[in-house]
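Student: What follows is coords20.cif, made up of mmCIF, C-alpha atoms:
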data_input
loop_
_atom_site.group_PDB
_atom_site.id
_atom_site.type_symbol
_atom_site.label_atom_id
_atom_site.label_comp_id
_atom_site.auth_asym_id
_atom_site.auth_seq_id
_atom_site.Cartn_x
_atom_site.Cartn_y
_atom_site.Cartn_z
ATOM 1 C CA MET A 14 -67.888 -18.776 -14.609
ATOM 2 C CA LEU A 15 -67.447 -20.751 -11.426
ATOM 3 C CA LYS A 16 -67.389 -20.144 -7.698
ATOM 4 C CA LEU A 17 -66.404 -22.797 -5.173
ATOM 5 C CA ASP A 18 -66.702 -22.158 -1.447
ATOM 6 C CA PHE A 19 -65.163 -25.027 0.466
ATOM 7 C CA ARG A 20 -63.371 -25.962 3.684
ATOM 8 C CA SER A 21 -59.647 -26.418 4.244
ATOM 9 C CA ASP A 22 -59.993 -30.189 4.201
ATOM 10 C CA PRO A 23 -57.349 -31.902 2.014
ATOM 11 C CA SER A 24 -59.975 -34.357 0.782
ATOM 12 C CA MET A 25 -61.501 -31.405 -1.118
ATOM 13 C CA LEU A 26 -58.418 -31.036 -3.289
ATOM 14 C CA CYS A 27 -59.414 -33.810 -5.688
ATOM 15 C CA VAL A 28 -62.882 -32.297 -5.993
ATOM 16 C CA VAL A 29 -61.472 -28.911 -6.988
ATOM 17 C CA ARG A 30 -58.964 -30.502 -9.372
ATOM 18 C CA GLY A 31 -61.780 -32.316 -11.143
ATOM 19 C CA ALA A 32 -63.733 -29.085 -11.589
ATOM 20 C CA ILE A 33 -60.745 -27.066 -12.806
ATOM 21 C CA GLU A 34 -59.597 -29.741 -15.222
ATOM 22 C CA ARG A 35 -63.033 -29.932 -16.854
ATOM 23 C CA LEU A 36 -63.447 -26.155 -16.899
ATOM 24 C CA THR A 37 -60.091 -25.550 -18.580
ATOM 25 C CA GLU A 38 -60.821 -28.249 -21.145
ATOM 26 C CA VAL A 39 -64.167 -26.740 -22.147
ATOM 27 C CA THR A 40 -62.567 -23.297 -22.239
ATOM 28 C CA GLY A 41 -60.246 -24.526 -24.973
ATOM 29 C CA PHE A 42 -56.932 -25.117 -23.244
ATOM 30 C CA SER A 43 -54.773 -27.976 -24.471
ATOM 31 C CA ALA A 44 -54.547 -31.132 -22.377
ATOM 32 C CA ALA A 45 -51.052 -30.152 -21.243
ATOM 33 C CA ASP A 46 -52.152 -26.615 -20.309
ATOM 34 C CA SER A 47 -55.193 -28.012 -18.534
ATOM 35 C CA ARG A 48 -52.970 -30.253 -16.401
ATOM 36 C CA SER A 49 -50.622 -27.368 -15.767
ATOM 37 C CA ILE A 50 -53.367 -24.962 -14.665
ATOM 38 C CA THR A 51 -54.998 -27.611 -12.498
ATOM 39 C CA ARG A 52 -51.636 -28.262 -10.842
ATOM 40 C CA ALA A 53 -51.121 -24.548 -10.138
ATOM 41 C CA VAL A 54 -54.550 -24.091 -8.555
ATOM 42 C CA ASP A 55 -54.145 -27.299 -6.552
ATOM 43 C CA GLU A 56 -50.750 -26.220 -5.244
ATOM 44 C CA ALA A 57 -52.093 -22.773 -4.354
ATOM 45 C CA ILE A 58 -54.904 -24.333 -2.327
ATOM 46 C CA THR A 59 -52.450 -26.732 -0.701
ATOM 47 C CA ASN A 60 -50.353 -23.724 0.303
ATOM 48 C CA ILE A 61 -53.395 -22.096 1.904
ATOM 49 C CA MET A 62 -54.218 -25.259 3.856
ATOM 50 C CA ARG A 63 -50.658 -25.778 5.029
ATOM 51 C CA HIS A 64 -49.325 -22.265 5.540
ATOM 52 C CA SER A 65 -52.270 -19.918 5.971
ATOM 53 C CA TYR A 66 -54.501 -22.271 7.972
ATOM 54 C CA LYS A 67 -51.645 -24.419 9.338
ATOM 55 C CA ASN A 68 -53.447 -27.676 8.511
ATOM 56 C CA HIS A 69 -56.568 -26.769 10.489
ATOM 57 C CA PRO A 70 -59.607 -28.213 8.697
ATOM 58 C CA GLY A 71 -62.903 -26.387 8.476
ATOM 59 C CA LYS A 72 -61.553 -22.987 7.472
ATOM 60 C CA GLU A 73 -63.074 -21.170 4.524
ATOM 61 C CA ILE A 74 -61.460 -21.067 1.093
ATOM 62 C CA VAL A 75 -63.170 -19.399 -1.864
ATOM 63 C CA LEU A 76 -62.147 -19.990 -5.461
ATOM 64 C CA GLN A 77 -63.631 -17.900 -8.249
ATOM 65 C CA VAL A 78 -62.892 -18.453 -11.904
ATOM 66 C CA LEU A 79 -63.576 -15.600 -14.306
ATOM 67 C CA ARG A 80 -63.294 -15.437 -18.062
ATOM 68 C CA LEU A 81 -60.783 -12.875 -19.186
ATOM 69 C CA LYS A 82 -62.114 -10.453 -21.761
ATOM 70 C CA PRO A 83 -60.158 -10.684 -25.016
ATOM 71 C CA SER A 84 -60.037 -6.890 -25.094
ATOM 72 C CA ALA A 85 -57.892 -6.928 -21.954
ATOM 73 C CA ARG A 86 -54.961 -8.289 -23.963
ATOM 74 C CA PRO A 87 -55.816 -8.447 -27.678
ATOM 75 C CA ASP A 88 -52.445 -10.034 -28.393
ATOM 76 C CA ARG A 89 -53.126 -12.895 -25.993
ATOM 77 C CA GLY A 90 -56.846 -13.362 -26.558
ATOM 78 C CA ASP A 91 -59.086 -15.124 -24.131
ATOM 79 C CA GLY A 92 -58.041 -16.571 -20.820
ATOM 80 C CA LEU A 93 -59.028 -17.440 -17.300
ATOM 81 C CA VAL A 94 -58.550 -15.635 -13.997
ATOM 82 C CA PHE A 95 -58.455 -17.655 -10.782
ATOM 83 C CA LEU A 96 -59.065 -15.782 -7.537
ATOM 84 C CA LEU A 97 -58.308 -17.624 -4.319
ATOM 85 C CA CYS A 98 -59.312 -16.065 -1.001
ATOM 86 C CA ASP A 99 -58.634 -17.254 2.514
ATOM 87 C CA ARG A 100 -59.165 -15.697 5.922
ATOM 88 C CA GLY A 101 -55.850 -16.733 7.424
ATOM 89 C CA PRO A 102 -53.312 -14.393 8.978
ATOM 90 C CA ALA A 103 -51.036 -12.308 6.828
ATOM 91 C CA VAL A 104 -48.459 -14.501 5.164
ATOM 92 C CA ASP A 105 -44.900 -14.141 6.350
ATOM 93 C CA PRO A 106 -42.969 -13.376 3.159
ATOM 94 C CA ALA A 107 -39.897 -15.127 4.514
ATOM 95 C CA LYS A 108 -41.847 -18.373 4.623
ATOM 96 C CA MET A 109 -43.170 -18.021 1.105
ATOM 97 C CA GLN A 110 -39.888 -18.201 -0.731
ATOM 98 C CA GLY A 111 -39.276 -20.907 -3.264
ATOM 99 C CA ARG A 112 -36.059 -22.821 -3.073
ATOM 100 C CA PRO A 113 -33.317 -23.426 -5.605
ATOM 101 C CA LEU A 114 -34.199 -26.455 -7.685
ATOM 102 C CA ASP A 115 -30.655 -27.748 -7.751
ATOM 103 C CA GLU A 116 -31.112 -28.847 -4.151
ATOM 104 C CA ILE A 117 -32.471 -32.361 -3.840
ATOM 105 C CA LYS A 118 -34.703 -32.149 -0.836
ATOM 106 C CA PRO A 119 -38.387 -32.479 -0.064
ATOM 107 C CA GLY A 120 -40.661 -29.449 0.035
ATOM 108 C CA GLY A 121 -40.670 -25.957 -1.446
ATOM 109 C CA LEU A 122 -41.855 -27.011 -4.897
ATOM 110 C CA GLY A 123 -45.456 -25.769 -4.881
ATOM 111 C CA LEU A 124 -44.615 -22.133 -5.522
ATOM 112 C CA HIS A 125 -42.314 -23.163 -8.326
ATOM 113 C CA PHE A 126 -45.096 -25.167 -9.994
ATOM 114 C CA ILE A 127 -47.465 -22.200 -9.766
ATOM 115 C CA ARG A 128 -44.987 -19.791 -11.338
ATOM 116 C CA GLN A 129 -44.156 -22.262 -14.083
ATOM 117 C CA SER A 130 -47.797 -22.761 -14.992
ATOM 118 C CA MET A 131 -49.404 -19.340 -14.898
ATOM 119 C CA ASP A 132 -48.860 -16.133 -16.894
ATOM 120 C CA ILE A 133 -49.568 -13.826 -13.963
ATOM 121 C CA VAL A 134 -49.279 -14.583 -10.246
ATOM 122 C CA GLU A 135 -50.278 -11.791 -7.867
ATOM 123 C CA PHE A 136 -50.710 -11.926 -4.140
ATOM 124 C CA LYS A 137 -52.074 -9.285 -1.815
ATOM 125 C CA ARG A 138 -53.563 -8.812 1.599
ATOM 126 C CA ALA A 139 -57.107 -7.450 1.334
ATOM 127 C CA ARG A 140 -60.122 -7.099 3.628
ATOM 128 C CA GLY A 141 -58.561 -9.107 6.403
ATOM 129 C CA GLY A 142 -57.674 -12.031 4.180
ATOM 130 C CA ASN A 143 -55.221 -13.209 1.583
ATOM 131 C CA LEU A 144 -56.026 -12.910 -2.118
ATOM 132 C CA LEU A 145 -54.136 -14.798 -4.781
ATOM 133 C CA ARG A 146 -54.813 -13.949 -8.436
ATOM 134 C CA LEU A 147 -53.646 -16.322 -11.134
ATOM 135 C CA VAL A 148 -54.066 -15.618 -14.846
ATOM 136 C CA LYS A 149 -53.602 -17.973 -17.761
ATOM 137 C CA TYR A 150 -54.028 -16.828 -21.379
ATOM 138 C CA LEU A 151 -55.156 -19.148 -24.117
ATOM 139 C CA GLN A 152 -52.560 -17.805 -26.515
ATOM 140 C CA PRO A 153 -48.930 -18.441 -25.659
ATOM 141 C CA ALA A 154 -46.805 -15.365 -25.182
ATOM 142 C CA ALA A 155 -44.866 -14.121 -28.171
ATOM 143 C CA GLN A 156 -41.124 -13.881 -27.635
ATOM 144 C CA PRO A 157 -41.016 -10.190 -26.578
ATOM 145 C CA GLU A 158 -43.718 -10.871 -24.025
ATOM 146 C CA ALA A 159 -41.519 -13.221 -22.079
ATOM 147 C CA GLY A 160 -39.570 -10.302 -20.672
ATOM 148 C CA LYS A 161 -42.747 -8.570 -19.596
ATOM 149 C CA ARG A 162 -43.915 -11.713 -17.866
ATOM 150 C CA ARG A 163 -40.720 -11.873 -15.890
ATOM 151 C CA GLU A 164 -41.239 -8.249 -14.861
ATOM 152 C CA ALA A 165 -44.770 -9.025 -13.735
ATOM 153 C CA LEU A 166 -43.534 -11.854 -11.588
ATOM 154 C CA ALA A 167 -40.724 -9.764 -10.197
ATOM 155 C CA ASP A 168 -43.207 -7.080 -9.198
ATOM 156 C CA LEU A 169 -44.770 -9.507 -6.814
ATOM 157 C CA GLY A 170 -41.796 -9.412 -4.546
ATOM 158 C CA PRO A 171 -41.475 -12.014 -1.849
ATOM 159 C CA THR A 172 -45.144 -12.204 -0.917
ATOM 160 C CA ASN A 173 -46.363 -14.220 -3.855
ATOM 161 C CA ARG A 174 -46.992 -17.948 -3.480
ATOM 162 C CA MET B 12 -55.663 -43.379 -2.818
ATOM 163 C CA GLN B 13 -54.758 -46.963 -2.071
ATOM 164 C CA ILE B 14 -51.277 -48.276 -1.492
ATOM 165 C CA SER B 15 -50.414 -51.939 -1.156
ATOM 166 C CA ALA B 16 -47.140 -53.838 -1.059
ATOM 167 C CA ARG B 17 -46.072 -57.117 -2.620
ATOM 168 C CA ARG B 18 -42.779 -58.914 -2.483
ATOM 169 C CA ILE B 19 -40.827 -60.558 -5.295
ATOM 170 C CA ASP B 20 -37.595 -62.059 -3.982
ATOM 171 C CA ASN B 21 -35.747 -59.172 -2.327
ATOM 172 C CA ILE B 22 -37.840 -56.519 -4.008
ATOM 173 C CA THR B 23 -40.817 -54.723 -2.510
ATOM 174 C CA ILE B 24 -43.250 -53.309 -5.016
ATOM 175 C CA PHE B 25 -45.739 -50.673 -3.912
ATOM 176 C CA ASP B 26 -48.852 -50.517 -6.079
ATOM 177 C CA VAL B 27 -50.428 -47.092 -5.754
ATOM 178 C CA ILE B 28 -53.913 -46.386 -7.074
ATOM 179 C CA GLY B 29 -55.307 -42.857 -7.211
ATOM 180 C CA ASP B 30 -54.008 -39.339 -6.811
ATOM 181 C CA ILE B 31 -51.183 -38.559 -4.398
ATOM 182 C CA ASP B 32 -51.784 -35.200 -2.758
ATOM 183 C CA LEU B 33 -51.804 -33.477 0.624
ATOM 184 C CA ALA B 34 -54.608 -35.763 1.803
ATOM 185 C CA ASN B 35 -52.547 -38.930 1.552
ATOM 186 C CA SER B 36 -48.869 -38.203 0.849
ATOM 187 C CA PRO B 37 -48.006 -38.826 4.548
ATOM 188 C CA GLU B 38 -49.298 -42.376 4.081
ATOM 189 C CA VAL B 39 -46.996 -42.884 1.078
ATOM 190 C CA ARG B 40 -44.058 -41.424 2.985
ATOM 191 C CA LYS B 41 -44.699 -43.648 5.989
ATOM 192 C CA ALA B 42 -44.916 -46.804 3.876
ATOM 193 C CA LEU B 43 -41.730 -45.988 1.968
ATOM 194 C CA LEU B 44 -39.661 -45.086 5.003
ATOM 195 C CA LYS B 45 -40.796 -48.166 6.913
ATOM 196 C CA GLU B 46 -39.754 -50.450 4.083
ATOM 197 C CA LEU B 47 -36.432 -48.706 3.508
ATOM 198 C CA ARG B 48 -35.312 -47.803 7.030
ATOM 199 C CA GLU B 49 -36.834 -50.565 9.129
ATOM 200 C CA SER B 50 -37.120 -53.533 6.775
ATOM 201 C CA ARG B 51 -33.964 -52.564 4.865
ATOM 202 C CA VAL B 52 -35.268 -54.035 1.633
ATOM 203 C CA PRO B 53 -32.521 -53.876 -1.024
ATOM 204 C CA ARG B 54 -34.853 -52.630 -3.734
ATOM 205 C CA VAL B 55 -38.105 -50.698 -3.357
ATOM 206 C CA VAL B 56 -40.190 -50.129 -6.472
ATOM 207 C CA MET B 57 -43.130 -47.749 -6.864
ATOM 208 C CA ASN B 58 -45.746 -48.745 -9.421
ATOM 209 C CA MET B 59 -47.020 -45.344 -10.550
ATOM 210 C CA SER B 60 -49.009 -46.591 -13.533
ATOM 211 C CA ARG B 61 -52.335 -45.908 -11.818
ATOM 212 C CA VAL B 62 -51.322 -42.586 -10.277
ATOM 213 C CA ARG B 63 -52.900 -39.960 -12.474
ATOM 214 C CA TYR B 64 -51.804 -36.972 -10.377
ATOM 215 C CA ILE B 65 -49.078 -36.261 -7.853
ATOM 216 C CA ASP B 66 -48.606 -32.903 -6.139
ATOM 217 C CA SER B 67 -45.569 -31.295 -4.514
ATOM 218 C CA SER B 68 -46.227 -33.039 -1.192
ATOM 219 C CA GLY B 69 -46.257 -36.375 -3.015
ATOM 220 C CA VAL B 70 -43.000 -35.498 -4.757
ATOM 221 C CA ALA B 71 -41.567 -34.598 -1.357
ATOM 222 C CA SER B 72 -42.499 -38.074 -0.098
ATOM 223 C CA LEU B 73 -40.718 -39.662 -3.063
ATOM 224 C CA VAL B 74 -37.647 -37.515 -2.405
ATOM 225 C CA GLU B 75 -37.644 -38.679 1.213
ATOM 226 C CA GLY B 76 -37.817 -42.250 -0.025
ATOM 227 C CA LEU B 77 -34.916 -41.609 -2.368
ATOM 228 C CA LYS B 78 -32.830 -40.087 0.404
ATOM 229 C CA ALA B 79 -33.625 -42.966 2.754
ATOM 230 C CA SER B 80 -32.636 -45.458 0.059
ATOM 231 C CA ARG B 81 -29.300 -43.719 -0.358
ATOM 232 C CA ASP B 82 -28.762 -43.705 3.400
ATOM 233 C CA VAL B 83 -29.229 -47.473 3.667
ATOM 234 C CA GLY B 84 -27.710 -48.424 0.312
ATOM 235 C CA SER B 85 -30.950 -49.589 -1.308
ATOM 236 C CA ARG B 86 -32.340 -48.855 -4.747
ATOM 237 C CA PHE B 87 -35.520 -46.812 -5.047
ATOM 238 C CA ILE B 88 -37.228 -47.153 -8.421
ATOM 239 C CA LEU B 89 -40.295 -45.626 -10.091
ATOM 240 C CA PHE B 90 -42.126 -47.032 -13.097
ATOM 241 C CA GLY B 91 -45.221 -46.292 -15.173
ATOM 242 C CA LEU B 92 -45.231 -42.512 -14.786
ATOM 243 C CA SER B 93 -48.340 -40.771 -16.130
ATOM 244 C CA PRO B 94 -47.869 -37.618 -18.256
ATOM 245 C CA SER B 95 -48.788 -35.492 -15.230
ATOM 246 C CA ALA B 96 -46.374 -37.276 -12.882
ATOM 247 C CA ARG B 97 -43.607 -37.066 -15.459
ATOM 248 C CA GLU B 98 -44.258 -33.326 -15.926
ATOM 249 C CA VAL B 99 -44.073 -32.713 -12.182
ATOM 250 C CA LEU B 100 -40.741 -34.507 -11.879
ATOM 251 C CA GLN B 101 -39.425 -32.623 -14.904
ATOM 252 C CA LEU B 102 -40.561 -29.278 -13.507
ATOM 253 C CA SER B 103 -38.830 -30.011 -10.226
ATOM 254 C CA ARG B 104 -35.716 -31.217 -12.077
ATOM 255 C CA LEU B 105 -35.967 -34.569 -10.364
ATOM 256 C CA LEU B 106 -36.693 -36.806 -13.339
ATOM 257 C CA LYS B 107 -33.007 -37.545 -13.877
ATOM 258 C CA ILE B 108 -32.391 -37.964 -10.158
ATOM 259 C CA PHE B 109 -34.802 -40.867 -9.786
ATOM 260 C CA GLU B 110 -34.293 -44.282 -11.319
ATOM 261 C CA VAL B 111 -37.302 -44.444 -13.670
ATOM 262 C CA TYR B 112 -38.473 -47.259 -15.954
ATOM 263 C CA GLU B 113 -41.370 -47.734 -18.305
ATOM 264 C CA ASP B 114 -42.747 -50.941 -16.833
ATOM 265 C CA GLU B 115 -42.453 -53.447 -14.017
ATOM 266 C CA ALA B 116 -40.362 -55.946 -15.981
ATOM 267 C CA GLN B 117 -37.644 -53.328 -16.423
ATOM 268 C CA ALA B 118 -37.928 -52.134 -12.836
ATOM 269 C CA ILE B 119 -37.331 -55.550 -11.308
ATOM 270 C CA ALA B 120 -34.845 -56.855 -13.897
#
Would you mind giving the structure from this file in structure tokens?
Tutor:
Amino acid sequence: MLKLDFRSDPSMLCVVRGAIERLTEVTGFSAADSRSITRAVDEAITNIMRHSYKNHPGKEIVLQVLRLKPSARPDRGDGLVFLLCDRGPAVDPAKMQGRPLDEIKPGGLGLHFIRQSMDIVEFKRARGGNLLRLVKYLQPAAQPEAGKRREALADLGPTNR
Amino acid sequence: MQISARRIDNITIFDVIGDIDLANSPEVRKALLKELRESRVPRVVMNMSRVRYIDSSGVASLVEGLKASRDVGSRFILFGLSPSAREVLQLSRLLKIFEVYEDEAQAIA
């Protein structure tokens, strides 16, 4: 559906947010879901800029958005897949941990926002780069699915963002 | 993003226009900490009514402002939160930590 190839310049964040917000709206997501998805993608890109590229501008980031086939999960219907690729070094899992939210301190919230927003969050090292895959279904999960979602997140281990 | 300050009695009000994200959150942080730590203003108020989006780095700047206000015994107040900004503070369980009002009249009362 969409492919954006841009540099690790923070001024690009608002450009990407604008594109994702419009795309999710035309795909049929609610206004609240659209904000939530946009926030997740924005935080993921921010993580790449800060942690993978260590605030160096001019590094390549590629975002692809694909439409999920309804047949992939008939119970959840349509959805969107967001693939984020960067060419930074392998991420140190110890530095990619979220923090307990009962602590009042700055930082460490981006990963939490991503997990809250998306149905699937997968991270892997591939072809000399980092690949983050985020999935959001149009249909909310039925109650029994919540457990499966937790398992999916748990499978990621410490390397997810 | 634009940030400007105005003074009403012993209150500094920051009017912020635009999104707060990685590109400009250091500017917000710097302005807040200067007013709280150096100027020691008794009450610092953030007008968020024209902030449509704030990311985790922006929230971190607000948390630093809150901590600085507690250190110096000032009040740090937010008003006019957009749905997105309110959601972010709720998600990070910070909405009840900040002093938040609907509008400027309440914030400076």
Student: Applying the PyMOL selection byres ((chain A) within 12 of (chain B)) to the file I just gave you, which residues come out? Please list them as a count of residues only.
Tutor: 53
Student: So how far away is atom CA of B:Ser60 from atom CA of B:Gln101, in Å?
Tutor: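 Pair atom CA of B:Gln101 / atom CA of B:Ser60 returns 17.0 Å.
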Student: Near A:Arg138, within 10 Å and counting only C-alpha atoms, which residues show up once chain neighbours fewer than 2 positions away are dropped, as a list in words?
Tutor: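 That gives Cys98, Asp99, Arg100, Pro102, Ala103, Val104, Phe136, Arg140, Gly141, Gly142, Asn143, Leu144, Leu145 and Thr172 of chain A.
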Student: Could you save those same residues with C-alpha atoms as an mmCIF file, in the coordinates of the input?
Tutor:
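The resulting part_18.cif:
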data_model
loop_
_atom_site.group_PDB
_atom_site.id
_atom_site.type_symbol
_atom_site.label_atom_id
_atom_site.label_comp_id
_atom_site.auth_asym_id
_atom_site.auth_seq_id
_atom_site.Cartn_x
_atom_site.Cartn_y
_atom_site.Cartn_z
ATOM 1 C CA CYS A 98 -59.312 -16.065 -1.001
ATOM 2 C CA ASP A 99 -58.634 -17.254 2.514
ATOM 3 C CA ARG A 100 -59.165 -15.697 5.922
ATOM 4 C CA PRO A 102 -53.312 -14.393 8.978
ATOM 5 C CA ALA A 103 -51.036 -12.308 6.828
ATOM 6 C CA VAL A 104 -48.459 -14.501 5.164
ATOM 7 C CA PHE A 136 -50.710 -11.926 -4.140
ATOM 8 C CA ARG A 140 -60.122 -7.099 3.628
ATOM 9 C CA GLY A 141 -58.561 -9.107 6.403
ATOM 10 C CA GLY A 142 -57.674 -12.031 4.180
ATOM 11 C CA ASN A 143 -55.221 -13.209 1.583
ATOM 12 C CA LEU A 144 -56.026 -12.910 -2.118
ATOM 13 C CA LEU A 145 -54.136 -14.798 -4.781
ATOM 14 C CA THR A 172 -45.144 -12.204 -0.917
#
Student: With all atoms listed in the file as the basis for distance, which of A:Glu135, A:Phe95, A:His64, A:Lys82 is at the shortest distance from A:Ile33?
Tutor: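 Using all atoms listed in the file, the shortest distance to A:Ile33 belongs to A:Phe95.
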Student: Which one of B:Ile19, B:Ile24, B:Val52, B:Ile14 sits closest to B:Arg40 if you count all atoms listed in the file?
Tutor: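 Closest residue, counting all atoms listed in the file: B:Ile14.
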Student: In Å, rounded to a single decimal, give me how far atom CA of A:Leu96 is from atom CA of A:Leu151.
Tutor: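 For atom CA of A:Leu151 relative to atom CA of A:Leu96, the distance reads 17.4 Å.
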Student: On this structure, which residues satisfy the PyMOL selection byres ((chain B and resi 110) around 7), written as a PyMOL selection string?
Tutor: chain B and resi 87-89+108-109+111-112
Student: I'd like the neighbourhood of A:Leu76 as a PyMOL selection string, where a residue qualifies if any of its atoms comes within 6 Å (using all atoms listed in the file), though same-chain residues fewer than 4 positions away should be ignored.
Tutor: chain A and resi 16-17+96-97
Student: Restricting the calculation to all atoms listed in the file, which member of B:Ser93, B:Gln117, B:Thr23, B:Gln13 is positioned closest to B:Arg63?
Tutor: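 Checking each of B:Ser93, B:Gln117, B:Thr23, B:Gln13 against B:Arg63, counting all atoms listed in the file, the winner is B:Ser93.
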Student: What lies within 9 Å of B:Arg61 using all atoms listed in the file, ignoring chain neighbours under 4 positions off, as a compact mmCIF listing (two decimals) with C-alpha atoms, keeping the file's coordinate frame?
Tutor:
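Now in part_39.txt:
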# COMPACT_ATOMS: atom_id res chain seq x y z
CA ASP B 26 -48.85 -50.52 -6.08
CA VAL B 27 -50.43 -47.09 -5.75
CA ILE B 28 -53.91 -46.39 -7.07
CA GLY B 29 -55.31 -42.86 -7.21
CA ASP B 30 -54.01 -39.34 -6.81
CA GLY B 91 -45.22 -46.29 -15.17
CA LEU B 92 -45.23 -42.51 -14.79
CA SER B 93 -48.34 -40.77 -16.13
Student: Go ahead and find all residues with at least one atom no further than 12 Å from (-45.0, -55.3, -2.9) in the file's coordinates, using all atoms listed in the file; report them as a VMD selection string.
Tutor: chain B and resid 14 to 27 42 to 43 46 52 54 to 58 115 119
Student: Those same residues - C-alpha atoms - I'd like them written as a PDB file, keeping the file's coordinate frame.
Tutor:
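Final output, saved to result06.pdb:
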ATOM      1  CA  ILE B  14     -51.277 -48.276  -1.492  1.00  0.00           C
ATOM      2  CA  SER B  15     -50.414 -51.939  -1.156  1.00  0.00           C
ATOM      3  CA  ALA B  16     -47.140 -53.838  -1.059  1.00  0.00           C
ATOM      4  CA  ARG B  17     -46.072 -57.117  -2.620  1.00  0.00           C
ATOM      5  CA  ARG B  18     -42.779 -58.914  -2.483  1.00  0.00           C
ATOM      6  CA  ILE B  19     -40.827 -60.558  -5.295  1.00  0.00           C
ATOM      7  CA  ASP B  20     -37.595 -62.059  -3.982  1.00  0.00           C
ATOM      8  CA  ASN B  21     -35.747 -59.172  -2.327  1.00  0.00           C
ATOM      9  CA  ILE B  22     -37.840 -56.519  -4.008  1.00  0.00           C
ATOM     10  CA  THR B  23     -40.817 -54.723  -2.510  1.00  0.00           C
ATOM     11  CA  ILE B  24     -43.250 -53.309  -5.016  1.00  0.00           C
ATOM     12  CA  PHE B  25     -45.739 -50.673  -3.912  1.00  0.00           C
ATOM     13  CA  ASP B  26     -48.852 -50.517  -6.079  1.00  0.00           C
ATOM     14  CA  VAL B  27     -50.428 -47.092  -5.754  1.00  0.00           C
ATOM     15  CA  ALA B  42     -44.916 -46.804   3.876  1.00  0.00           C
ATOM     16  CA  LEU B  43     -41.730 -45.988   1.968  1.00  0.00           C
ATOM     17  CA  GLU B  46     -39.754 -50.450   4.083  1.00  0.00           C
ATOM     18  CA  VAL B  52     -35.268 -54.035   1.633  1.00  0.00           C
ATOM     19  CA  ARG B  54     -34.853 -52.630  -3.734  1.00  0.00           C
ATOM     20  CA  VAL B  55     -38.105 -50.698  -3.357  1.00  0.00           C
ATOM     21  CA  VAL B  56     -40.190 -50.129  -6.472  1.00  0.00           C
ATOM     22  CA  MET B  57     -43.130 -47.749  -6.864  1.00  0.00           C
ATOM     23  CA  ASN B  58     -45.746 -48.745  -9.421  1.00  0.00           C
ATOM     24  CA  GLU B 115     -42.453 -53.447 -14.017  1.00  0.00           C
ATOM     25  CA  ILE B 119     -37.331 -55.550 -11.308  1.00  0.00           C
TER      26      ILE B 119
END
Student: Just want the 9 Å neighbourhood of A:Arg20, counted on only C-alpha atoms, with same-chain residues fewer than 5 positions away dropped. Output as a PyMOL selection string.
Tutor: chain A and resi 25+70-75
Student: What is the atom CA of A:Leu93-atom CA of A:Asp105 distance in Å, reported with one decimal?
Tutor: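 Result for atom CA of A:Leu93 versus atom CA of A:Asp105: 27.7 Å, one decimal.
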